[in-house]
file protein_13.cif (mmCIF, C-alpha atoms)
data_input
#
loop_
_atom_site.label_atom_id
_atom_site.label_comp_id
_atom_site.auth_asym_id
_atom_site.auth_seq_id
_atom_site.Cartn_x
_atom_site.Cartn_y
_atom_site.Cartn_z
CA MET A 1 16.56 29.67 82.67
CA LYS A 2 16.42 28.22 79.18
CA TYR A 3 14.48 24.94 79.47
CA SER A 4 11.71 23.59 81.68
CA ILE A 5 11.24 19.84 81.18
CA ILE A 6 7.69 18.79 82.11
CA VAL A 7 6.79 15.14 82.72
CA PRO A 8 3.32 13.90 83.78
CA VAL A 9 3.51 10.62 85.70
CA TYR A 10 0.97 7.97 86.62
CA ASN A 11 2.16 4.89 88.55
CA ARG A 12 5.57 4.81 86.80
CA PRO A 13 8.30 5.28 89.48
CA ASP A 14 10.76 2.95 87.71
CA GLU A 15 10.38 4.80 84.42
CA VAL A 16 10.89 8.15 86.15
CA ASP A 17 14.10 6.85 87.69
CA GLU A 18 15.51 5.97 84.26
CA LEU A 19 14.44 9.31 82.78
CA LEU A 20 15.93 11.36 85.62
CA GLU A 21 19.13 9.33 85.44
CA SER A 22 19.46 10.20 81.76
CA LEU A 23 18.75 13.88 82.49
CA SER A 24 21.53 13.91 85.07
CA HIS A 25 24.04 13.16 82.28
CA GLN A 26 23.08 16.03 79.97
CA ALA A 27 26.02 18.24 79.01
CA GLN A 28 23.67 21.24 78.71
CA ARG A 29 22.74 22.09 82.33
CA ASP A 30 20.53 25.17 81.95
CA PHE A 31 17.24 23.41 82.71
CA GLU A 32 14.77 22.50 85.42
CA VAL A 33 12.68 19.33 85.66
CA ILE A 34 9.03 19.45 86.69
CA ILE A 35 7.47 16.10 87.65
CA VAL A 36 3.67 16.17 87.96
CA GLU A 37 2.30 13.15 89.82
CA ASP A 38 -1.19 12.70 88.39
CA GLY A 39 -3.03 10.93 91.21
CA SER A 40 -0.73 7.91 91.25
CA VAL A 41 -1.28 4.98 93.60
CA LYS A 42 2.45 4.23 93.28
CA PRO A 43 4.05 7.68 93.59
CA CYS A 44 7.57 8.53 92.48
CA LYS A 45 8.36 11.01 95.28
CA ASP A 46 11.14 8.79 96.72
CA VAL A 47 12.69 8.48 93.26
CA CYS A 48 12.63 12.25 92.80
CA ASP A 49 14.24 12.76 96.20
CA LYS A 50 17.26 10.76 94.96
CA TYR A 51 17.96 13.43 92.35
CA ALA A 52 17.16 16.51 94.46
CA ASP A 53 20.86 17.38 94.80
CA ILE A 54 21.71 16.48 91.22
CA LEU A 55 18.98 18.20 89.22
CA ASP A 56 16.95 21.38 89.59
CA LEU A 57 13.92 19.21 90.27
CA HIS A 58 10.40 20.21 91.30
CA TYR A 59 7.88 17.55 92.30
CA TYR A 60 4.12 18.19 92.42
CA ALA A 61 1.30 15.81 93.31
CA LYS A 62 -2.29 16.46 92.24
CA PRO A 63 -5.58 14.56 91.71
CA ASN A 64 -5.87 12.53 88.51
CA SER A 65 -6.91 14.57 85.47
CA GLY A 66 -4.95 12.99 82.62
CA PRO A 67 -1.61 13.85 81.01
CA GLY A 68 -2.76 16.95 79.12
CA GLN A 69 -4.03 18.82 82.16
CA SER A 70 -1.01 17.66 84.18
CA ARG A 71 1.28 19.20 81.56
CA ASN A 72 -0.67 22.45 81.89
CA TYR A 73 -0.25 22.26 85.65
CA GLY A 74 3.50 21.97 85.22
CA ALA A 75 3.65 24.73 82.61
CA GLU A 76 1.96 27.17 84.97
CA ARG A 77 4.83 26.62 87.43
CA ALA A 78 7.67 26.56 84.90
CA GLN A 79 10.39 29.21 84.74
CA GLY A 80 12.14 28.31 81.49
CA GLN A 81 11.96 30.18 78.22
CA TRP A 82 11.26 26.86 76.50
CA LEU A 83 8.95 24.08 77.68
CA ILE A 84 10.01 20.55 76.75
CA ILE A 85 7.22 17.99 77.08
CA LEU A 86 8.30 14.39 77.62
CA ASP A 87 6.51 11.16 78.48
CA SER A 88 7.70 9.29 81.54
CA ASP A 89 8.65 6.24 79.45
CA VAL A 90 11.43 7.96 77.49
CA VAL A 91 15.19 8.01 78.10
CA LEU A 92 17.42 10.76 76.70
CA PRO A 93 20.79 10.28 75.05
CA GLU A 94 23.53 12.44 76.57
CA GLY A 95 23.52 14.90 73.69
CA TYR A 96 19.76 15.48 73.60
CA LEU A 97 19.70 19.08 74.89
CA GLU A 98 22.83 19.95 72.91
CA ALA A 99 21.01 18.78 69.75
CA VAL A 100 18.06 21.01 70.67
CA ASP A 101 20.43 23.97 71.19
CA LYS A 102 22.04 23.47 67.79
CA SER A 103 18.67 23.18 66.01
CA LEU A 104 16.97 26.24 67.51
CA THR A 105 16.82 29.37 65.38
CA PRO A 106 15.14 32.72 66.17
CA GLU A 107 12.09 32.04 64.00
CA ILE A 108 11.25 28.66 65.60
CA VAL A 109 8.57 28.61 68.29
CA ALA A 110 7.69 24.90 68.42
CA TRP A 111 9.43 21.66 67.53
CA GLY A 112 9.41 17.91 68.02
CA GLY A 113 11.82 15.02 67.72
CA PRO A 114 11.63 11.34 66.70
CA ASP A 115 12.01 8.26 68.86
CA ALA A 116 14.05 5.08 68.68
CA SER A 117 14.47 1.70 70.33
CA HIS A 118 17.24 1.14 72.87
CA PRO A 119 19.33 -2.08 72.79
CA SER A 120 18.20 -2.86 76.36
CA PHE A 121 14.51 -2.95 75.40
CA THR A 122 12.72 -6.29 75.48
CA PRO A 123 12.02 -8.00 72.13
CA VAL A 124 8.34 -7.07 72.45
CA GLN A 125 9.21 -3.42 73.09
CA LYS A 126 11.52 -3.43 70.08
CA ALA A 127 8.79 -4.99 67.93
CA ILE A 128 6.25 -2.39 69.07
CA SER A 129 8.77 0.38 68.49
CA TYR A 130 9.36 -0.94 64.98
CA SER A 131 5.63 -0.99 64.21
CA MET A 132 5.29 2.62 65.40
CA THR A 133 8.23 3.93 63.37
CA SER A 134 8.34 1.81 60.21
CA PHE A 135 7.36 3.21 56.83
CA PHE A 136 5.52 -0.08 56.20
CA THR A 137 3.05 0.57 59.03
CA THR A 138 2.16 4.17 59.92
CA GLY A 139 5.60 5.30 61.06
CA GLY A 140 5.93 7.68 58.15
CA ILE A 141 3.55 10.16 59.78
CA ARG A 142 4.95 10.01 63.32
CA GLY A 143 8.00 12.22 63.22
CA GLY A 144 10.79 10.56 61.30
CA LYS A 145 12.49 11.82 58.18
CA ALA A 146 10.23 9.87 55.82
CA LYS A 147 6.80 11.43 56.32
CA LEU A 148 3.54 10.85 54.49
CA ASP A 149 1.96 13.93 56.11
CA LYS A 150 3.02 17.29 57.55
CA PHE A 151 4.96 17.10 60.78
CA TYR A 152 3.04 17.61 64.03
CA PRO A 153 4.95 17.17 67.30
CA ARG A 154 3.85 14.43 69.70
CA SER A 155 3.84 14.76 73.47
CA PHE A 156 6.51 12.11 74.04
CA ASN A 157 9.11 14.58 72.70
CA MET A 158 8.09 18.13 71.90
CA GLY A 159 9.17 21.67 72.75
CA ILE A 160 7.48 25.06 72.58
CA ARG A 161 8.26 28.57 73.69
CA ARG A 162 6.60 29.13 77.06
CA ASP A 163 4.87 32.37 76.07
CA VAL A 164 3.29 30.66 73.03
CA TYR A 165 2.19 27.69 75.17
CA LEU A 166 0.44 30.02 77.61
CA GLN A 167 -0.99 32.12 74.79
CA LEU A 168 -2.65 29.01 73.29
CA GLY A 169 -3.90 27.74 76.66
CA GLY A 170 -1.85 24.55 76.56
CA PHE A 171 -3.43 21.14 76.09
CA SER A 172 -7.19 20.71 75.79
CA LYS A 173 -9.31 18.29 77.80
CA MET A 174 -9.54 15.77 74.98
CA ARG A 175 -9.55 12.19 76.25
CA PHE A 176 -7.13 11.02 73.52
CA GLY A 177 -5.18 12.87 70.84
CA GLU A 178 -4.71 15.98 72.95
CA ASP A 179 -1.12 16.37 71.72
CA ILE A 180 -2.13 16.41 68.04
CA ASP A 181 -4.95 18.80 68.89
CA PHE A 182 -2.36 21.10 70.47
CA SER A 183 -0.08 20.81 67.43
CA TYR A 184 -2.99 21.69 65.15
CA ARG A 185 -3.76 24.75 67.27
CA ILE A 186 -0.10 25.80 67.06
CA VAL A 187 -0.34 25.68 63.25
CA GLU A 188 -3.74 27.40 63.20
CA ALA A 189 -2.22 30.24 65.23
CA GLY A 190 0.21 30.87 62.38
CA TYR A 191 3.26 28.98 63.67
CA ARG A 192 5.09 26.13 61.94
CA PRO A 193 6.42 23.33 64.16
CA GLN A 194 9.80 22.01 63.07
CA LEU A 195 11.24 18.51 63.14
CA PHE A 196 14.59 18.22 64.95
CA PRO A 197 15.88 14.85 63.67
CA GLU A 198 18.91 14.90 65.97
CA ALA A 199 16.86 15.56 69.13
CA TRP A 200 15.62 11.99 69.43
CA VAL A 201 14.70 9.93 72.48
CA TRP A 202 14.57 6.26 73.37
CA HIS A 203 10.88 5.45 73.82
CA LYS A 204 9.92 2.27 75.67
CA ARG A 205 6.24 2.40 74.68
CA ARG A 206 3.91 -0.40 75.77
CA THR A 207 5.20 -3.60 77.32
CA ASP A 208 2.66 -6.05 75.87
CA PHE A 209 0.33 -6.36 72.91
CA ARG A 210 -2.85 -5.92 74.98
CA LYS A 211 -1.81 -2.47 76.19
CA PHE A 212 -0.52 -1.64 72.73
CA PHE A 213 -3.88 -2.54 71.17
CA ARG A 214 -5.67 -0.26 73.62
CA GLN A 215 -3.30 2.58 72.81
CA VAL A 216 -3.68 2.39 69.04
CA TYR A 217 -7.43 1.74 69.30
CA ASN A 218 -7.76 5.00 71.24
CA SER A 219 -5.61 6.72 68.62
CA GLY A 220 -8.07 5.63 65.93
CA ILE A 221 -10.94 7.11 67.92
CA ALA A 222 -8.95 10.32 68.42
CA ARG A 223 -8.44 10.78 64.68
CA ILE A 224 -12.18 11.23 64.07
CA ASN A 225 -12.51 13.53 67.09
CA LEU A 226 -9.61 15.61 65.75
CA GLU A 227 -11.33 15.96 62.38
CA LYS A 228 -14.47 17.20 64.14
CA ARG A 229 -12.44 19.80 66.04
CA HIS A 230 -10.21 20.71 63.09
CA PRO A 231 -12.15 20.15 59.83
CA GLY A 232 -9.97 19.27 56.89
CA THR A 233 -7.19 17.65 58.89
CA LEU A 234 -8.29 14.11 58.06
CA LYS A 235 -6.07 12.93 55.21
CA LEU A 236 -6.03 9.81 53.06
CA VAL A 237 -3.03 8.50 54.99
CA HIS A 238 -5.09 8.48 58.20
CA MET A 239 -7.61 6.15 56.57
CA LEU A 240 -5.07 3.54 55.49
CA PRO A 241 -5.23 1.49 58.74
CA SER A 242 -9.03 1.20 58.44
CA VAL A 243 -8.67 0.13 54.79
CA PHE A 244 -6.06 -2.42 55.90
CA THR A 245 -8.41 -3.64 58.66
CA LEU A 246 -11.36 -4.07 56.30
CA GLY A 247 -9.08 -5.83 53.83
CA VAL A 248 -7.85 -8.28 56.49
CA ILE A 249 -11.43 -8.97 57.62
CA THR A 250 -12.47 -9.59 54.00
CA LEU A 251 -9.54 -11.92 53.36
CA VAL A 252 -10.16 -13.88 56.57
CA ALA A 253 -13.86 -14.21 55.67
CA ALA A 254 -12.89 -15.43 52.20
CA PHE A 255 -10.51 -17.96 53.74
CA VAL A 256 -13.27 -19.31 56.01
CA CYS A 257 -15.66 -19.58 53.07
CA GLY A 258 -12.99 -21.35 51.01
CA LEU A 259 -12.32 -23.71 53.89
CA MET A 260 -16.00 -24.60 54.12
CA LEU A 261 -16.21 -25.18 50.36
CA SER A 262 -13.12 -27.37 50.37
CA SER A 263 -14.56 -29.49 53.18
CA PHE A 264 -18.19 -30.01 52.16
CA GLY A 265 -18.50 -29.40 48.43
CA THR A 266 -18.23 -31.56 45.34
CA PRO A 267 -14.72 -32.34 44.05
CA GLU A 268 -14.83 -29.34 41.71
CA VAL A 269 -16.15 -27.08 44.47
CA LYS A 270 -13.48 -28.39 46.83
CA LEU A 271 -10.76 -27.42 44.35
CA GLN A 272 -12.28 -23.95 44.04
CA GLY A 273 -12.40 -23.68 47.81
CA GLN A 274 -8.74 -24.61 48.12
CA LEU A 275 -7.86 -21.97 45.53
CA VAL A 276 -9.85 -19.34 47.45
CA CYS A 277 -8.00 -20.30 50.65
CA ARG A 278 -4.60 -19.89 49.01
CA LEU A 279 -5.46 -16.61 47.30
CA SER A 280 -6.99 -15.10 50.43
CA LEU A 281 -3.93 -15.91 52.55
CA LEU A 282 -1.39 -14.75 49.96
CA PRO A 283 -1.61 -10.95 50.58
CA ILE A 284 -1.47 -11.45 54.35
CA ALA A 285 1.49 -13.80 54.05
CA LEU A 286 3.38 -11.43 51.73
CA TYR A 287 2.86 -8.48 54.06
CA ALA A 288 3.95 -10.59 57.05
CA LEU A 289 7.12 -11.61 55.20
CA LEU A 290 7.85 -7.98 54.34
CA ILE A 291 7.56 -6.96 58.02
CA LEU A 292 9.59 -9.96 59.17
CA ALA A 293 12.42 -9.23 56.75
CA ASP A 294 12.52 -5.46 57.27
CA SER A 295 12.31 -5.58 61.07
CA GLY A 296 14.69 -8.53 61.30
CA ILE A 297 17.31 -6.63 59.30
CA ARG A 298 16.80 -3.31 61.10
CA ASN A 299 16.91 -4.90 64.54
CA ARG A 300 19.46 -7.58 63.58
CA SER A 301 17.24 -10.14 65.26
CA LEU A 302 15.00 -12.84 63.80
CA HIS A 303 13.14 -12.97 67.11
CA VAL A 304 12.25 -9.27 66.97
CA GLY A 305 11.37 -9.68 63.30
CA LEU A 306 8.91 -12.44 64.13
CA LEU A 307 7.35 -10.39 66.96
CA SER A 308 7.06 -7.40 64.65
CA VAL A 309 4.53 -9.28 62.52
CA PRO A 310 1.82 -9.43 65.24
CA ALA A 311 2.87 -5.95 66.41
CA ALA A 312 2.21 -4.52 62.94
CA PHE A 313 -1.16 -6.26 62.67
CA VAL A 314 -2.14 -5.14 66.17
CA GLN A 315 -1.19 -1.56 65.36
CA LEU A 316 -2.99 -1.33 62.03
CA THR A 317 -6.12 -3.27 62.95
CA GLY A 318 -6.37 -1.70 66.42
CA TYR A 319 -6.18 1.80 64.97
CA GLY A 320 -8.49 0.81 62.13
CA LEU A 321 -11.17 -0.60 64.43
CA GLY A 322 -11.08 2.48 66.66
CA PHE A 323 -11.30 4.72 63.60
CA ILE A 324 -14.26 2.79 62.18
CA GLU A 325 -16.13 2.79 65.50
CA ALA A 326 -15.61 6.53 66.00
CA TRP A 327 -16.61 7.25 62.39
CA TRP A 328 -19.83 5.28 62.84
CA LYS A 329 -20.74 6.92 66.16
CA ARG A 330 -19.72 10.49 65.35
CA CYS A 331 -20.27 10.78 61.59
CA VAL A 332 -23.22 8.43 61.06
CA LEU A 333 -25.04 8.45 64.41
CA ARG A 334 -24.01 12.08 65.10
CA GLN A 335 -22.98 11.39 68.68
CA ASP A 336 -20.92 13.91 70.62
CA GLU A 337 -17.30 13.42 71.65
CA PHE A 338 -16.89 11.22 74.72
CA SER A 339 -17.30 13.19 77.96
CA LEU A 340 -16.31 11.84 81.36
CA SER A 341 -18.81 14.11 83.07
CA GLU A 342 -21.68 12.28 81.36
CA GLN A 343 -20.59 8.82 82.52
CA PRO A 344 -21.50 6.87 85.69
CA GLU A 345 -18.96 7.04 88.51
CA ALA A 346 -17.63 3.51 87.96
CA LYS A 347 -16.99 4.18 84.26
CA ARG A 348 -15.36 7.54 85.00
CA GLN A 349 -12.94 5.86 87.40
CA ALA A 350 -12.14 3.14 84.85
CA PHE A 351 -11.33 5.74 82.19
CA GLU A 352 -9.32 7.87 84.60
CA ASN A 353 -7.15 4.83 85.37
CA THR A 354 -6.36 4.29 81.68
CA PHE A 355 -5.30 7.81 80.64
CA TYR A 356 -1.73 6.53 80.46
CA GLU A 357 -2.43 3.06 78.98
#
call {"tool": "encode", "arguments": {"input": "protein_13.cif", "output": "structure tokens"}}
result
Amino acid sequence: MKYSIIVPVYNRPDEVDELLESLSHQAQRDFEVIIVEDGSVKPCKDVCDKYADILDLHYYAKPNSGPGQSRNYGAERAQGQWLIILDSDVVLPEGYLEAVDKSLTPEIVAWGGPDASHPSFTPVQKAISYSMTSFFTTGGIRGGKAKLDKFYPRSFNMGIRRDVYLQLGGFSKMRFGEDIDFSYRIVEAGYRPQLFPEAWVWHKRRTDFRKFFRQVYNSGIARINLEKRHPGTLKLVHMLPSVFTLGVITLVAAFVCGLMLSSFGTPEVKLQGQLVCRLSLLPIALYALLILADSGIRNRSLHVGLLSVPAAFVQLTGYGLGFIEAWWKRCVLRQDEFSLSEQPEAKRQAFENTFYE
């Protein structure tokens, strides 16, 4: 067997249905699908049963341990020469596996592909997708053609030879950023992951800004933890969201000060306060207009363009705040990486329930 497609799932039966439906239309048929139910309250067993006669499908249920360890669980039971790791919230175009076939060469041992927004996605999902893929946010480092950093596959769409996966021990027990940690270990072992631009997926991502903020906040925390595990991997590009965040905070503080001066000062002071207000809002307004125009044109929708403005600010400031907090705790206070085993039972359960947020 050539491919084993491994998908960890937590309370996402509807998403699994869409993913399995898209897999059933693949022209390349030499694959198996391994669904690992990671302690879900809403299991997808009934959904998987629908495709039992259509796909070579294997369903496993296990206690909650997070997506990384669930992928390892599936890999241990896989039969394919290649392991393809997907998130449950992706949908594959019909030519996905054919694109992988055409891109594989004998020297490749690991690869990853980009993601895109589907026309059926909600405006919020399209806005979030834009903010995660646009060059004007941090999309340049996430797996598209325009990259600001070396390419490292992400777990929503990555492949690796099974023997190399097992050799490296699969994903670590990191709370967040376990996919980048794995990609770093692939490189450190002497391999070079490749980008397959044509092997892209539709990625639904988060459905609201609250969940999106939590996701990118955790990503900011993970970046510092990754630097601690892999010294030298922290690049200038990874610091840009925190610089953006501090800049926004400074500009907002200046606007508040200008507002106070324009309300309570002398006439001259009031004029100065009004000038401070205008100047402090100008950079924010210009950036917002840039996002609005670019997203509106790319998505051919003014509505999505407007939603992309808060999505971009949520992404950059959420990541930046997580990065700053983790830097303070780990680099200044010298605290260890977060460990579930050291937390009270109630907090452990809360974190277990948000592995997939």
call {"tool": "closest_atom_pairs", "arguments": {"input": "protein_13.cif", "of": "stretch 175-253 of chain A", "to": "stretch 72-85 of chain A", "cutoff": "12 Å", "atoms": "only C-alpha atoms", "output": "JSON lines"}}
result
{"residue": "A:Glu178", "atom": "CA", "partner": "A:Asn72", "partner_atom": "CA", "distance": 11.8}
{"residue": "A:Asp179", "atom": "CA", "partner": "A:Ile85", "partner_atom": "CA", "distance": 10.0}
{"residue": "A:Phe182", "atom": "CA", "partner": "A:Asn72", "partner_atom": "CA", "distance": 11.6}
{"residue": "A:Ala199", "atom": "CA", "partner": "A:Ile84", "partner_atom": "CA", "distance": 11.4}
{"residue": "A:Val201", "atom": "CA", "partner": "A:Ile85", "partner_atom": "CA", "distance": 11.9}
call {"tool": "resolve_selection", "arguments": {"input": "protein_13.cif", "expression": "the PyMOL selection byres ((chain A and resi 32) around 10)", "output": "ChimeraX atom specification"}}
result
/A:1-6,23,29-31,33-35,55-58,78-80,83
call {"tool": "resolve_selection", "arguments": {"input": "protein_13.cif", "expression": "the PyMOL selection byres ((chain A and resi 20-22) around 12)", "output": "number ranges by chain"}}
result
A: 5-7, 13-19, 23-27, 32-35, 44, 47-52, 54-58, 86-97, 201-202
call {"tool": "closest_residue", "arguments": {"input": "protein_13.cif", "among": "A:Glu198, A:Glu227, A:Glu188, A:Asp294", "to": "A:Pro114", "atoms": "only C-alpha atoms"}}
result
A:Glu198
call {"tool": "closest_atom_pairs", "arguments": {"input": "protein_13.cif", "of": "stretch 194-271 of chain A", "to": "stretch 153-177 of chain A", "cutoff": "7 Å", "atoms": "all atoms listed in the file", "output": "CSV"}}
result
residue,atom,partner,partner_atom,distance
A:Asn218,CA,A:Phe176,CA,6.5
A:Ser219,CA,A:Gly177,CA,6.6
A:Ala222,CA,A:Gly177,CA,5.2
call {"tool": "write_last_selection", "arguments": {"input": "protein_13.cif", "atoms": "C-alpha atoms", "output": "compact mmCIF listing (two decimals), keeping the file's coordinate frame"}}
result
# COMPACT_ATOMS: atom_id res chain seq x y z
CA ASN A 218 -7.76 5.00 71.24
CA SER A 219 -5.61 6.72 68.62
CA ALA A 222 -8.95 10.32 68.42
call {"tool": "resolve_selection", "arguments": {"input": "protein_13.cif", "expression": "the PyMOL selection byres ((chain A and resi 306-319) around 8)", "output": "VMD selection string"}}
result
chain A and resid 123 to 124 127 to 128 130 to 132 137 to 138 209 212 to 214 216 to 221 241 to 242 244 to 245 288 291 to 292 295 to 296 302 to 305 320 to 323
call {"tool": "residues_around", "arguments": {"input": "protein_13.cif", "residues": "A:Leu251", "least_positions_apart": "3", "cutoff": "8 Å", "atoms": "all atoms listed in the file", "output": "list in words"}}
result
Gly247, Val248, Ala254, Phe255, Ser280 and Leu281 of chain A
call {"tool": "closest_residue", "arguments": {"input": "protein_13.cif", "among": "A:Asp46, A:Leu226, A:Asp101, A:Val9", "to": "A:Gln69", "atoms": "only C-alpha atoms"}}
result
A:Val9
call {"tool": "atom_distance", "arguments": {"input": "protein_13.cif", "atom1": "atom CA of A:Leu279", "atom2": "atom CA of A:Leu259"}}
result
11.9 Å
call {"tool": "closest_residue", "arguments": {"input": "protein_13.cif", "among": "A:Gly66, A:Gly39, A:Gly113, A:Pro106", "to": "A:Trp200", "atoms": "only C-alpha atoms"}}
result
A:Gly113
call {"tool": "closest_atom_pairs", "arguments": {"input": "protein_13.cif", "of": "stretch 94-133 of chain A", "to": "stretch 194-197 of chain A", "cutoff": "10 Å", "atoms": "all atoms listed in the file", "output": "JSON lines"}}
result
{"residue": "A:Ala99", "atom": "CA", "partner": "A:Phe196", "partner_atom": "CA", "distance": 8.0}
{"residue": "A:Val100", "atom": "CA", "partner": "A:Phe196", "partner_atom": "CA", "distance": 7.2}
{"residue": "A:Lys102", "atom": "CA", "partner": "A:Phe196", "partner_atom": "CA", "distance": 9.5}
{"residue": "A:Ser103", "atom": "CA", "partner": "A:Phe196", "partner_atom": "CA", "distance": 6.5}
{"residue": "A:Leu104", "atom": "CA", "partner": "A:Phe196", "partner_atom": "CA", "distance": 8.7}
{"residue": "A:Ile108", "atom": "CA", "partner": "A:Gln194", "partner_atom": "CA", "distance": 7.3}
{"residue": "A:Val109", "atom": "CA", "partner": "A:Gln194", "partner_atom": "CA", "distance": 8.5}
{"residue": "A:Ala110", "atom": "CA", "partner": "A:Gln194", "partner_atom": "CA", "distance": 6.4}
{"residue": "A:Trp111", "atom": "CA", "partner": "A:Gln194", "partner_atom": "CA", "distance": 4.5}
{"residue": "A:Gly112", "atom": "CA", "partner": "A:Leu195", "partner_atom": "CA", "distance": 5.2}
{"residue": "A:Gly113", "atom": "CA", "partner": "A:Phe196", "partner_atom": "CA", "distance": 5.1}
{"residue": "A:Pro114", "atom": "CA", "partner": "A:Pro197", "partner_atom": "CA", "distance": 6.3}
{"residue": "A:Asp115", "atom": "CA", "partner": "A:Pro197", "partner_atom": "CA", "distance": 9.2}
call {"tool": "atom_distance", "arguments": {"input": "protein_13.cif", "atom1": "atom CA of A:Gly68", "atom2": "atom CA of A:Ala326"}}
result
21.1 Å
call {"tool": "atom_distance", "arguments": {"input": "protein_13.cif", "atom1": "atom CA of A:Glu37", "atom2": "atom CA of A:Asp53"}}
result
19.7 Å
call {"tool": "decode", "arguments": {"input": "protein_13.cif", "residues": "stretch 46-61 of chain A", "atoms": "N, CA and C atoms", "output": "PDB file, in the first residue's frame"}}
result
ATOM      1  N   ASP A  46     -20.376   6.528  13.629  1.00  0.00           N
ATOM      2  CA  ASP A  46     -21.479   6.357  12.672  1.00  0.00           C
ATOM      3  C   ASP A  46     -21.123   6.939  11.303  1.00  0.00           C
ATOM      4  N   VAL A  47     -20.412   8.064  11.319  1.00  0.00           N
ATOM      5  CA  VAL A  47     -19.987   8.674  10.059  1.00  0.00           C
ATOM      6  C   VAL A  47     -19.022   7.741   9.339  1.00  0.00           C
ATOM      7  N   CYS A  48     -18.077   7.189  10.068  1.00  0.00           N
ATOM      8  CA  CYS A  48     -17.094   6.287   9.456  1.00  0.00           C
ATOM      9  C   CYS A  48     -17.772   5.032   8.893  1.00  0.00           C
ATOM     10  N   ASP A  49     -18.785   4.562   9.577  1.00  0.00           N
ATOM     11  CA  ASP A  49     -19.492   3.364   9.102  1.00  0.00           C
ATOM     12  C   ASP A  49     -20.113   3.601   7.723  1.00  0.00           C
ATOM     13  N   LYS A  50     -20.503   4.846   7.425  1.00  0.00           N
ATOM     14  CA  LYS A  50     -21.087   5.167   6.123  1.00  0.00           C
ATOM     15  C   LYS A  50     -20.118   4.895   4.977  1.00  0.00           C
ATOM     16  N   TYR A  51     -18.827   5.015   5.267  1.00  0.00           N
ATOM     17  CA  TYR A  51     -17.816   4.900   4.215  1.00  0.00           C
ATOM     18  C   TYR A  51     -17.050   3.577   4.274  1.00  0.00           C
ATOM     19  N   ALA A  52     -17.526   2.654   5.119  1.00  0.00           N
ATOM     20  CA  ALA A  52     -16.808   1.390   5.295  1.00  0.00           C
ATOM     21  C   ALA A  52     -16.706   0.586   4.007  1.00  0.00           C
ATOM     22  N   ASP A  53     -17.714   0.696   3.138  1.00  0.00           N
ATOM     23  CA  ASP A  53     -17.696  -0.051   1.875  1.00  0.00           C
ATOM     24  C   ASP A  53     -17.138   0.760   0.707  1.00  0.00           C
ATOM     25  N   ILE A  54     -16.787   2.004   0.992  1.00  0.00           N
ATOM     26  CA  ILE A  54     -16.287   2.889  -0.062  1.00  0.00           C
ATOM     27  C   ILE A  54     -14.775   3.074   0.052  1.00  0.00           C
ATOM     28  N   LEU A  55     -14.299   3.187   1.285  1.00  0.00           N
ATOM     29  CA  LEU A  55     -12.883   3.430   1.546  1.00  0.00           C
ATOM     30  C   LEU A  55     -12.289   2.288   2.363  1.00  0.00           C
ATOM     31  N   ASP A  56     -10.984   2.125   2.254  1.00  0.00           N
ATOM     32  CA  ASP A  56     -10.261   1.218   3.149  1.00  0.00           C
ATOM     33  C   ASP A  56     -10.059   1.983   4.453  1.00  0.00           C
ATOM     34  N   LEU A  57     -11.059   1.911   5.319  1.00  0.00           N
ATOM     35  CA  LEU A  57     -11.150   2.794   6.479  1.00  0.00           C
ATOM     36  C   LEU A  57     -10.996   2.018   7.778  1.00  0.00           C
ATOM     37  N   HIS A  58     -10.161   2.546   8.665  1.00  0.00           N
ATOM     38  CA  HIS A  58      -9.926   1.929   9.970  1.00  0.00           C
ATOM     39  C   HIS A  58     -10.221   2.965  11.050  1.00  0.00           C
ATOM     40  N   TYR A  59     -11.114   2.623  11.947  1.00  0.00           N
ATOM     41  CA  TYR A  59     -11.539   3.556  13.002  1.00  0.00           C
ATOM     42  C   TYR A  59     -11.033   3.055  14.348  1.00  0.00           C
ATOM     43  N   TYR A  60     -10.387   3.945  15.107  1.00  0.00           N
ATOM     44  CA  TYR A  60      -9.895   3.607  16.444  1.00  0.00           C
ATOM     45  C   TYR A  60     -10.362   4.670  17.425  1.00  0.00           C
ATOM     46  N   ALA A  61     -10.747   4.235  18.616  1.00  0.00           N
ATOM     47  CA  ALA A  61     -11.129   5.162  19.686  1.00  0.00           C
ATOM     48  C   ALA A  61     -10.179   4.957  20.855  1.00  0.00           C
TER      49      ALA A  61
END
